[in-house]
Every structure is written in C-alpha cells, then in structure tokens.
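Asks: The structure is given below, and queries will be raised subsequently.
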Amino acid sequence: MASKRVVIVAIDGSDHAYDALDWYLSNIHRSGDTVIGVHCADYSKLQSQPLTLLSSDKSLVTNFLDSEETSVKKVAATFDSKVLKNKIDGKFIRINGDPGPGLVEVSVNEKAAMIVMGSRGLGTIRRTLLGSVSSYVMCHASVPVIVFRK
C-alpha cells in the first residue's frame with residue numbers, strides 16, 4: 001500500500017492553476033493523498049489606490065473587500081467541486097499576504113510531500129520586474145516543487 005502524502009496545490013483561480021491541479025490528478029496522484037488547495041486573497045489592487053481616494057470614500061474599500069471575498073468563495077467552490085468529482089481527500093486553505101512565503105509556510109505546517117503550481121510562463125524580464133511566486137517557492141520550499149506549464 002502506498003504511503004499517504006499531503007500535496008499542496010497553489011490555486012489562484014486562473015486556468016493555469018486548475019490545469020496544474022488536473023495534471024497532478026491525472027499523472028501523480030496516489031490513492032490516499034490529501035490535496036490541499038492554497039489560495040492567497042489578492043489585495044494588491046487596494047494598495048495601488050491613492051490613500052486620499054480611499055479615505056474620502058469608505059464604500060470603495062468595502063466594495064473591494066466584498067468583491068475579493070466573493071472571488072475567494074468562487075475559487076474555494078471550484079476547488080471543492082474538483083475534489084468531490086475526483087473522490088479525493090482535500091481541503092482548501094486561504095492565506096493572506098505574500099503568496100510565496102504563505103505557500104511555503106503552509107507546506108511546512110501541513111507536512112507536505114510536494115507543492116504543485118501552475119505557471120503563466122512570464123518571460124525573464126517580466127518575471128524579474130514582477131517577481132515570481134513559483135521562483136520564490138522553488139528557492140525556499142523544503143519539499144519538491146512541480147511547476148506545470150501547459
């Protein structure tokens with residue numbers, strides 16, 4: 001009998017993330033694996049708003065937060081649906097803050113055997129300027145990281 005593993009799958013709501021989850025399920029999933037979908041809420045748009053605009057209209061902040069909550073619930077529901085459809089053990093964890101360190105922290109806390117991520121395939125210059133969650137995770141995780149690119 002295969003040993004049980006915990007596998008972290010980064011779920012940002014993009015097709016790349018769901019493709020990586022599907023690839024994992026089709027290619028390396030073992031009976032008994034627990035799949036943990038990890039999603040980081042994206043508050044970066046809020047940070048890019050001018051402070052004067054936010055302080056003058058509190059409804060902008062409230063509307064943004066409500067919209068992000070709806071987005072997180074949709075991502076969680078899609079993940080949960082895939083887990084149910086494939087009859088696997090899984091759970092969804094929401095993190096806040098920077099996704100790279102958050103994914104690494106969850107992998108340690110959950111004693112993960114591996115992390116699976118999708119890649120948007122940014123070029124070298126864009127990845128350098130924008131940063132790359134997958135690059136961060138590959139450099140800092142203590143477990144194997146599989147970056148799937150379609």
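Letters A, B, ... mark the chains of the structure tokens in the order given; residue numbers begin at 1 per chain; ligand numbers begin at 1, in order shown.
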For the structure I just gave you, how does DSSP split chain A - specifically, which residues are alpha helix (DSSP H)? Reply as a count of residues only.
Replies: 77
Asks: Hey, what's within 9 Å of Ile146 (chain A) if we count only C-alpha atoms and toss same-chain stuff fewer than 5 positions away? As a list in words, please?
Replies: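 Surrounding residues, per the criterion: Ala20, Met114, Ile115, Val116, Met117, Gly118 and Met138 of chain A.
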Asks: Suppose we keep C-alpha atoms; can you now write the selection as a tab-separated table (two decimals), in the first residue's frame?
Replies:
chain	number	residue	atom	x	y	z
A	20	ALA	CA	-1.78	22.16	-12.76
A	114	MET	CA	5.36	18.35	-2.53
A	115	ILE	CA	3.94	21.56	-3.95
A	116	VAL	CA	2.30	21.74	-7.38
A	117	MET	CA	1.89	25.08	-9.14
A	118	GLY	CA	0.80	26.40	-12.50
A	138	MET	CA	11.21	26.78	-5.61
Asks: CA of Val72 (chain A) and CA of His39 (chain A), how far apart in Å?
Replies: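 Computing it gives 7.7 Å between the two atoms.
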Asks: Write out as a list in words the residues lying within 12 Å of Val75 (chain A), counting only C-alpha atoms and excluding same-chain residues fewer than 2 positions away.
Replies: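 Listed by chain and then number, they are Ala10, Ile11, Asp12, Gly13, Ser14, Asp15, Ala17, Tyr18, Gly37, Val38, His39, Cys40, Ala41, Glu68, Glu69, Thr70, Ser71, Val72, Lys73, Ala77, Thr78, Phe79, Asp80, Ser81, Lys82, Phe92, Ile93 and Arg94 of chain A.
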Asks: Tell me, as a PyMOL selection string, which residues lie within 10 Å of Val137 (chain A), counting only C-alpha atoms; anything in the same chain fewer than 3 positions away does not count.
Replies: chain A and resi 99-105+115+117+132-134+140-145+147
Asks: Report, in Å to a single decimal, how far apart CA of Arg30 (chain A) and CA of Lys74 (chain A) are.
Replies: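 Going from CA of Lys74 (chain A) over to CA of Arg30 (chain A) covers 26.6 Å.
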Asks: Which is closer to Val106 (chain A) than all the others in A:Val6, A:Lys150, A:Cys139, A:Asp22, using only C-alpha atoms?
Replies: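 Nearest candidate to Val106 (chain A) out of A:Val6, A:Lys150, A:Cys139, A:Asp22: A:Val6.
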Asks: So how far away is CA of Lys111 (chain A) from CA of Arg5 (chain A), in Å?
Replies: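 These two atoms are separated by 8.7 Å.
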Asks: Nearest to Gly32 (chain A) among A:Asp66, A:Val7, A:Ala76, A:Tyr136, with distances taken over only C-alpha atoms: which residue is it?
Replies: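 Using only C-alpha atoms, the shortest distance to Gly32 (chain A) belongs to A:Val7.
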Asks: Between A:Asp33, A:Asp19, A:Asp42, A:Asp98, which is the closest to Ala113 (chain A) once you count only C-alpha atoms?
Replies: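 Comparing A:Asp33, A:Asp19, A:Asp42, A:Asp98 against Ala113 (chain A), the winner is A:Asp33.
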Asks: Step one, run DSSP on the backbone; step two, keep only residues of chain A assigned to strand (DSSP E); then write them as number ranges by chain.
Replies: A: 6-10, 34-40, 89-95, 114-118, 145-148
